>>> print(open('entry_19.cif').read())   # mmCIF, C-alpha atoms and all ligand atoms; chains and numbers go by the auth columns
data_my_file
#
loop_
_atom_site.group_PDB
_atom_site.id
_atom_site.type_symbol
_atom_site.label_atom_id
_atom_site.label_comp_id
_atom_site.label_asym_id
_atom_site.label_seq_id
_atom_site.Cartn_x
_atom_site.Cartn_y
_atom_site.Cartn_z
_atom_site.B_iso_or_equiv
_atom_site.auth_seq_id
_atom_site.auth_asym_id
ATOM 1 C CA MET A 1 116.707 -38.637 151.897 0.00 1 A
ATOM 2 C CA ARG A 2 118.364 -35.932 149.860 0.00 2 A
ATOM 3 C CA LEU A 3 116.775 -32.486 149.655 0.00 3 A
ATOM 4 C CA ARG A 4 117.365 -30.623 146.423 0.00 4 A
ATOM 5 C CA PHE A 5 116.835 -26.917 146.491 0.00 5 A
ATOM 6 C CA ARG A 6 117.542 -24.133 144.032 0.00 6 A
ATOM 7 C CA TYR A 7 118.064 -20.445 144.450 0.00 7 A
ATOM 8 C CA VAL A 8 115.865 -18.158 142.467 0.00 8 A
ATOM 9 C CA ARG A 9 116.572 -14.523 141.852 0.00 9 A
ATOM 10 C CA ASP A 10 114.261 -12.027 140.258 0.00 10 A
ATOM 11 C CA ARG A 11 114.620 -8.321 139.844 0.00 11 A
ATOM 12 C CA SER A 12 115.321 -7.854 143.556 0.00 12 A
ATOM 13 C CA ALA A 13 118.926 -7.934 144.752 0.00 13 A
ATOM 14 C CA ILE A 14 118.543 -10.897 147.073 0.00 14 A
ATOM 15 C CA ALA A 15 117.941 -14.489 145.959 0.00 15 A
ATOM 16 C CA HIS A 16 115.111 -16.585 147.317 0.00 16 A
ATOM 17 C CA ILE A 17 114.812 -20.298 147.517 0.00 17 A
ATOM 18 C CA TRP A 18 112.635 -22.324 145.180 0.00 18 A
ATOM 19 C CA ASP A 19 109.571 -23.558 147.043 0.00 19 A
ATOM 20 C CA TYR A 20 110.557 -27.189 146.967 0.00 20 A
ATOM 21 C CA ILE A 21 108.261 -27.928 149.898 0.00 21 A
ATOM 22 C CA LYS A 22 104.965 -26.943 148.320 0.00 22 A
ATOM 23 C CA GLY A 23 106.194 -27.021 144.705 0.00 23 A
ATOM 24 C CA ARG A 24 104.871 -23.527 143.927 0.00 24 A
ATOM 25 C CA GLN A 25 106.008 -22.108 140.592 0.00 25 A
ATOM 26 C CA ASP A 26 105.271 -18.409 141.226 0.00 26 A
ATOM 27 C CA HIS A 27 106.281 -18.004 144.866 0.00 27 A
ATOM 28 C CA ALA A 28 109.492 -18.450 146.771 0.00 28 A
ATOM 29 C CA LEU A 29 109.738 -20.551 149.888 0.00 29 A
ATOM 30 C CA CYS A 30 109.130 -17.482 152.045 0.00 30 A
ATOM 31 C CA GLY A 31 106.012 -16.581 150.046 0.00 31 A
ATOM 32 C CA HIS A 32 107.634 -13.845 147.957 0.00 32 A
ATOM 33 C CA GLY A 33 105.947 -13.518 144.580 0.00 33 A
ATOM 34 C CA TYR A 34 108.471 -13.572 141.727 0.00 34 A
ATOM 35 C CA GLU A 35 108.730 -10.933 139.094 0.00 35 A
ATOM 36 C CA ASP A 36 110.413 -12.407 136.003 0.00 36 A
ATOM 37 C CA PRO A 37 112.348 -14.997 137.992 0.00 37 A
ATOM 38 C CA VAL A 38 115.775 -16.135 136.936 0.00 38 A
ATOM 39 C CA GLU A 39 116.696 -19.575 138.081 0.00 39 A
ATOM 40 C CA LEU A 40 120.199 -20.080 139.315 0.00 40 A
ATOM 41 C CA GLN A 41 122.218 -23.243 139.073 0.00 41 A
ATOM 42 C CA THR A 42 121.997 -25.683 141.965 0.00 42 A
ATOM 43 C CA GLY A 43 124.921 -25.468 144.353 0.00 43 A
ATOM 44 C CA GLU A 44 125.861 -22.016 143.227 0.00 44 A
ATOM 45 C CA ARG A 45 125.111 -19.945 146.287 0.00 45 A
ATOM 46 C CA PRO A 46 124.339 -16.285 145.656 0.00 46 A
ATOM 47 C CA ARG A 47 126.013 -13.710 147.837 0.00 47 A
ATOM 48 C CA ARG A 48 122.722 -12.520 149.349 0.00 48 A
ATOM 49 C CA VAL A 49 119.983 -15.019 150.225 0.00 49 A
ATOM 50 C CA CYS A 50 116.597 -14.153 151.725 0.00 50 A
ATOM 51 C CA ARG A 51 116.739 -14.731 155.481 0.00 51 A
ATOM 52 C CA ALA A 52 113.079 -15.743 155.650 0.00 52 A
ATOM 53 C CA CYS A 53 113.708 -18.400 152.995 0.00 53 A
ATOM 54 C CA GLN A 54 116.752 -19.677 154.861 0.00 54 A
ATOM 55 C CA ALA A 55 114.828 -19.853 158.130 0.00 55 A
ATOM 56 C CA LEU A 56 111.983 -21.707 156.460 0.00 56 A
ATOM 57 C CA MET A 57 114.433 -23.974 154.719 0.00 57 A
ATOM 58 C CA SER A 58 115.969 -25.257 157.942 0.00 58 A
ATOM 59 C CA GLN A 59 112.519 -25.455 159.527 0.00 59 A
ATOM 60 C CA ALA A 60 111.033 -27.278 156.536 0.00 60 A
ATOM 61 C CA GLU A 61 113.995 -29.585 156.386 0.00 61 A
ATOM 62 C CA ALA A 62 113.593 -30.412 160.055 0.00 62 A
ATOM 63 C CA VAL A 63 109.929 -31.217 159.418 0.00 63 A
ATOM 64 C CA LEU A 64 110.802 -33.307 156.369 0.00 64 A
ATOM 65 C CA TRP A 65 113.541 -35.172 158.157 0.00 65 A
ATOM 66 C CA ARG A 66 111.294 -35.842 161.121 0.00 66 A
ATOM 67 C CA LYS A 67 108.577 -37.098 158.776 0.00 67 A
ATOM 68 C CA ALA A 68 111.067 -39.327 156.969 0.00 68 A
ATOM 69 C CA ALA A 69 112.372 -40.651 160.263 0.00 69 A
ATOM 70 C CA GLU A 70 108.832 -41.362 161.471 0.00 70 A
ATOM 71 C CA GLU A 71 108.054 -43.132 158.217 0.00 71 A
ATOM 72 C CA ALA A 72 111.199 -45.193 158.541 0.00 72 A
ATOM 73 C CA ILE A 73 110.330 -46.076 162.129 0.00 73 A
ATOM 74 C CA ALA A 74 106.748 -46.922 161.152 0.00 74 A
ATOM 75 C CA SER A 75 108.014 -49.037 158.296 0.00 75 A
ATOM 76 C CA LYS A 76 110.429 -50.792 160.610 0.00 76 A
ATOM 77 C CA ARG A 77 107.648 -51.331 163.145 0.00 77 A
ATOM 78 C CA LYS A 78 105.430 -52.654 160.378 0.00 78 A
ATOM 79 C CA SER A 79 108.083 -55.041 159.173 0.00 79 A
ATOM 80 C CA GLY A 80 108.703 -55.897 162.809 0.00 80 A
ATOM 81 C CA ARG A 81 105.018 -56.686 163.227 0.00 81 A
ATOM 82 C CA GLU A 82 105.037 -58.596 159.961 0.00 82 A
ATOM 83 C CA TYR A 83 108.066 -60.497 161.127 0.00 83 A
ATOM 84 C CA THR A 84 106.429 -61.217 164.489 0.00 84 A
ATOM 85 C CA SER A 85 103.236 -62.272 162.748 0.00 85 A
ATOM 86 C CA LEU A 86 105.100 -64.445 160.278 0.00 86 A
ATOM 87 C CA SER A 87 107.227 -66.044 162.922 0.00 87 A
ATOM 88 C CA ALA A 88 104.113 -66.693 165.034 0.00 88 A
ATOM 89 C CA GLU A 89 102.508 -68.273 161.988 0.00 89 A
ATOM 90 C CA TYR A 90 105.620 -70.287 161.413 0.00 90 A
ATOM 91 C CA GLU A 91 105.652 -71.393 165.054 0.00 91 A
ATOM 92 C CA ALA A 92 101.994 -72.425 164.799 0.00 92 A
ATOM 93 C CA LEU A 93 102.655 -74.358 161.612 0.00 93 A
ATOM 94 C CA TRP A 94 105.641 -76.032 163.166 0.00 94 A
ATOM 95 C CA SER A 95 103.592 -77.089 166.224 0.00 95 A
ATOM 96 C CA GLU A 96 100.926 -78.433 163.888 0.00 96 A
ATOM 97 C CA TYR A 97 103.574 -80.293 161.953 0.00 97 A
ATOM 98 C CA GLU A 98 104.957 -81.758 165.171 0.00 98 A
ATOM 99 C CA VAL A 99 101.498 -83.019 166.136 0.00 99 A
ATOM 100 C CA TYR A 100 101.105 -84.578 162.718 0.00 100 A
ATOM 101 C CA ALA A 101 104.595 -86.032 162.923 0.00 101 A
ATOM 102 C CA VAL A 102 103.758 -87.666 166.260 0.00 102 A
ATOM 103 C CA ASP A 103 100.455 -88.936 164.839 0.00 103 A
ATOM 104 C CA TYR A 104 102.230 -90.179 161.774 0.00 104 A
ATOM 105 C CA GLU A 105 104.873 -91.929 163.858 0.00 105 A
ATOM 106 C CA SER A 106 102.163 -93.492 166.023 0.00 106 A
ATOM 107 C CA LEU A 107 100.174 -94.591 162.984 0.00 107 A
ATOM 108 C CA ARG A 108 103.290 -95.975 161.368 0.00 108 A
ATOM 109 C CA THR A 109 104.079 -97.983 164.526 0.00 109 A
ATOM 110 C CA ASP A 110 100.473 -99.217 164.684 0.00 110 A
ATOM 111 C CA TYR A 111 100.661 -100.167 161.048 0.00 111 A
ATOM 112 C CA GLU A 112 103.905 -102.076 161.618 0.00 112 A
ATOM 113 C CA ASP A 113 102.396 -103.874 164.624 0.00 113 A
ATOM 114 C CA LEU A 114 99.339 -104.815 162.603 0.00 114 A
ATOM 115 C CA TYR A 115 101.474 -105.918 159.720 0.00 115 A
ATOM 116 C CA ASN A 116 103.591 -108.102 162.013 0.00 116 A
ATOM 117 C CA GLN A 117 100.411 -109.581 163.502 0.00 117 A
ATOM 118 C CA TYR A 118 99.133 -110.208 160.019 0.00 118 A
ATOM 119 C CA GLU A 119 102.405 -111.906 159.066 0.00 119 A
ATOM 120 C CA GLU A 120 102.240 -114.145 162.145 0.00 120 A
ATOM 121 C CA LEU A 121 98.628 -115.002 161.399 0.00 121 A
ATOM 122 C CA ARG A 122 99.462 -115.676 157.799 0.00 122 A
ATOM 123 C CA VAL A 123 102.268 -118.056 158.819 0.00 123 A
ATOM 124 C CA ASP A 124 99.879 -119.764 161.261 0.00 124 A
ATOM 125 C CA TYR A 125 97.207 -119.933 158.613 0.00 125 A
ATOM 126 C CA ASP A 126 99.618 -121.436 156.100 0.00 126 A
ATOM 127 C CA ARG A 127 100.683 -124.015 158.646 0.00 127 A
ATOM 128 C CA LEU A 128 97.061 -124.803 159.491 0.00 128 A
ATOM 129 C CA GLU A 129 96.212 -125.012 155.831 0.00 129 A
ATOM 130 C CA ARG A 130 99.041 -127.488 155.240 0.00 130 A
ATOM 131 C CA LYS A 131 97.890 -129.474 158.257 0.00 131 A
ATOM 132 C CA HIS A 132 94.318 -129.360 156.997 0.00 132 A
ATOM 133 C CA GLU A 133 95.465 -130.581 153.596 0.00 133 A
ATOM 134 C CA THR A 134 97.405 -133.440 155.206 0.00 134 A
ATOM 135 C CA LEU A 135 94.354 -134.354 157.264 0.00 135 A
ATOM 136 C CA ARG A 136 92.119 -134.122 154.218 0.00 136 A
ATOM 137 C CA VAL A 137 94.378 -136.430 152.238 0.00 137 A
ATOM 138 C CA HIS A 138 94.570 -138.783 155.185 0.00 138 A
ATOM 139 C CA ALA A 139 90.776 -138.735 155.608 0.00 139 A
ATOM 140 C CA GLU A 140 90.362 -139.358 151.891 0.00 140 A
ATOM 141 C CA ASN A 141 92.683 -142.341 152.098 0.00 141 A
ATOM 142 C CA GLN A 142 90.809 -143.619 155.112 0.00 142 A
ATOM 143 C CA ARG A 143 87.498 -143.258 153.304 0.00 143 A
ATOM 144 C CA ARG A 144 88.873 -145.050 150.283 0.00 144 A
ATOM 145 C CA MET A 145 90.241 -147.814 152.462 0.00 145 A
ATOM 146 C CA LEU A 146 86.930 -148.054 154.293 0.00 146 A
ATOM 147 C CA ALA A 147 85.077 -148.197 150.989 0.00 147 A
ATOM 148 C CA ILE A 148 87.345 -151.006 149.829 0.00 148 A
ATOM 149 C CA LEU A 149 86.814 -152.887 153.072 0.00 149 A
ATOM 150 C CA GLN A 150 83.074 -152.331 152.912 0.00 150 A
ATOM 151 C CA GLY A 151 83.113 -153.464 149.310 0.00 151 A
ATOM 152 C CA LYS A 152 84.966 -156.601 150.281 0.00 152 A
ATOM 153 C CA ARG A 153 82.572 -157.320 153.126 0.00 153 A
ATOM 154 C CA ALA A 154 79.582 -156.578 150.919 0.00 154 A
ATOM 155 C CA ALA A 155 80.979 -158.885 148.278 0.00 155 A
ATOM 156 C CA LYS A 156 81.367 -161.637 150.907 0.00 156 A
ATOM 157 C CA SER A 157 78.073 -161.274 152.837 0.00 157 A
ATOM 158 C CA PRO A 158 75.542 -161.263 149.959 0.00 158 A
ATOM 159 C CA ARG A 159 76.667 -164.787 148.939 0.00 159 A
ATOM 160 C CA ASP A 160 76.063 -166.067 152.474 0.00 160 A
ATOM 161 C CA LYS A 161 72.677 -164.381 152.639 0.00 161 A
ATOM 162 C CA SER A 162 71.536 -165.256 149.095 0.00 162 A
ATOM 163 C CA ARG A 163 72.233 -168.944 149.500 0.00 163 A
ATOM 164 C CA LYS A 164 69.578 -169.448 152.153 0.00 164 A
ATOM 165 C CA PRO A 165 66.804 -167.409 150.545 0.00 165 A
ATOM 166 C CA ILE A 166 67.436 -169.109 147.240 0.00 166 A
ATOM 167 C CA SER A 167 67.566 -172.625 148.660 0.00 167 A
ATOM 168 C CA SER A 168 64.953 -172.201 151.372 0.00 168 A
ATOM 169 C CA PRO A 169 62.029 -171.042 149.230 0.00 169 A
ATOM 170 C CA LYS A 170 62.757 -173.847 146.797 0.00 170 A
ATOM 171 C CA THR A 171 62.792 -176.324 149.640 0.00 171 A
ATOM 172 C CA ALA A 172 59.712 -174.750 151.104 0.00 172 A
ATOM 173 C CA VAL A 173 57.892 -174.773 147.815 0.00 173 A
ATOM 174 C CA TYR A 174 58.991 -178.288 147.283 0.00 174 A
ATOM 175 C CA ALA A 175 57.981 -179.259 150.766 0.00 175 A
ATOM 176 C CA LYS A 176 54.687 -177.492 150.411 0.00 176 A
ATOM 177 C CA ALA A 177 54.044 -179.205 147.130 0.00 177 A
ATOM 178 C CA VAL A 178 54.953 -182.465 148.614 0.00 178 A
ATOM 179 C CA ASP A 179 52.789 -181.677 151.602 0.00 179 A
ATOM 180 C CA GLY A 180 50.051 -180.507 149.288 0.00 180 A
ATOM 181 C CA SER A 181 50.153 -183.747 147.408 0.00 181 A
ATOM 182 C CA GLY A 182 49.892 -185.334 150.849 0.00 182 A
ATOM 183 C CA GLY A 183 51.613 -187.942 152.766 0.00 183 A
ATOM 184 C CA ILE A 184 55.312 -187.245 152.470 0.00 184 A
ATOM 185 C CA GLY A 185 56.856 -184.991 155.126 0.00 185 A
ATOM 186 C CA TYR A 186 59.350 -182.181 154.512 0.00 186 A
ATOM 187 C CA ASP A 187 61.959 -183.504 156.842 0.00 187 A
ATOM 188 C CA ALA A 188 61.591 -186.953 155.544 0.00 188 A
ATOM 189 C CA LYS A 189 61.967 -185.774 151.957 0.00 189 A
ATOM 190 C CA GLU A 190 64.900 -183.561 152.830 0.00 190 A
ATOM 191 C CA ALA A 191 66.592 -186.330 154.771 0.00 191 A
HETATM 192 ZN ZN ZN B . 112.501 -15.539 150.478 0.00 1 B
#
>>> encode(input="entry_19.cif", output="structure tokens", more="lines below")
Ligand SMILES: [Zn+2]
Amino acid sequence: MRLRFRYVRDRSAIAHIWDYIKGRQDHALCGHGYEDPVELQTGERPRRVCRACQALMSQAEAVLWRKAAEEAIASKRKSGREYTSLSAEYEALWSEYEVYAVDYESLRTDYEDLYNQYEELRVDYDRLERKHETLRVHAENQRRMLAILQGKRAAKSPRDKSRKPISSPKTAVYAKAVDGSGGIGYDAKEA
């Protein structure tokens, strides 16, 4: 902080100091009312300066400096609090992140385990499917073979069975007819 003050001299012999504290245009720092004031250049110290103004100047400066220092301290405290608050927030976020990271790691491991299980099952399933296919083909072949065998047997047996029914009724009819006509026996005719 840099205080800028100017000496003001009016008709009186001694110079006063511009009221830079309260910013008054018509009164000096000490409260002296100007009469046609003449402003002097900054830094050019007149030979005679109002003692009251000088006393107030050092007093006012002390007040201003103290105020500035307090503001600086308050500002520092505020930034300190902001820093503390921010770092606490950061710490909280970091802890949260760590929890998530652990969860994520755990989930990732679970996922990998499940995936490995799935892979094993898939390999097993593929193997079973191949086995099933082999068995299916085998069963199909067996069925076909069985059908062929059954066909062969069916083709053989009907001839054996059909011979008797065909011949027997004829014989029977014949025998009956012969019997019906009377006299001649079935066995005798057949023999
Ligand atoms: Zn004065």
>>> atom_distance(input="entry_19.cif", atom1="atom ZN of ligand ZN 1 (chain B)", atom2="CA of Val49 in chain A")
7.5 Å
>>> residues_near_ligand(input="entry_19.cif", ligand="ligand ZN 1 (chain B)", cutoff="9 Å", atoms="all atoms listed in the file", output="list of chain:residue names")
A:Ile14, A:Ala15, A:His16, A:Ile17, A:Trp18, A:His27, A:Ala28, A:Leu29, A:Cys30, A:Gly31, A:His32, A:Val49, A:Cys50, A:Arg51, A:Ala52, A:Cys53, A:Gln54, A:Leu56
>>> atom_distance(input="entry_19.cif", atom1="CA of Arg6 in chain A", atom2="CA of Glu39 in chain A")
7.5 Å
>>> atom_distance(input="entry_19.cif", atom1="CA of Pro46 in chain A", atom2="CA of Ala13 in chain A")
10.0 Å
>>> resolve_selection(input="entry_19.cif", expression="the PyMOL selection byres (((chain A and resi 37) around 7) and not hetatm)", output="number ranges by chain")
A: 8-10, 34-36, 38-39
>>> residues_near_point(input="entry_19.cif", point="(112.8, -30.0, 157.1)", cutoff="12 Å", atoms="all atoms listed in the file", output="JSON, numbers by chain")
{"A": [1, 2, 3, 4, 5, 20, 21, 54, 55, 56, 57, 58, 59, 60, 61, 62, 63, 64, 65, 66, 67, 68, 69]}
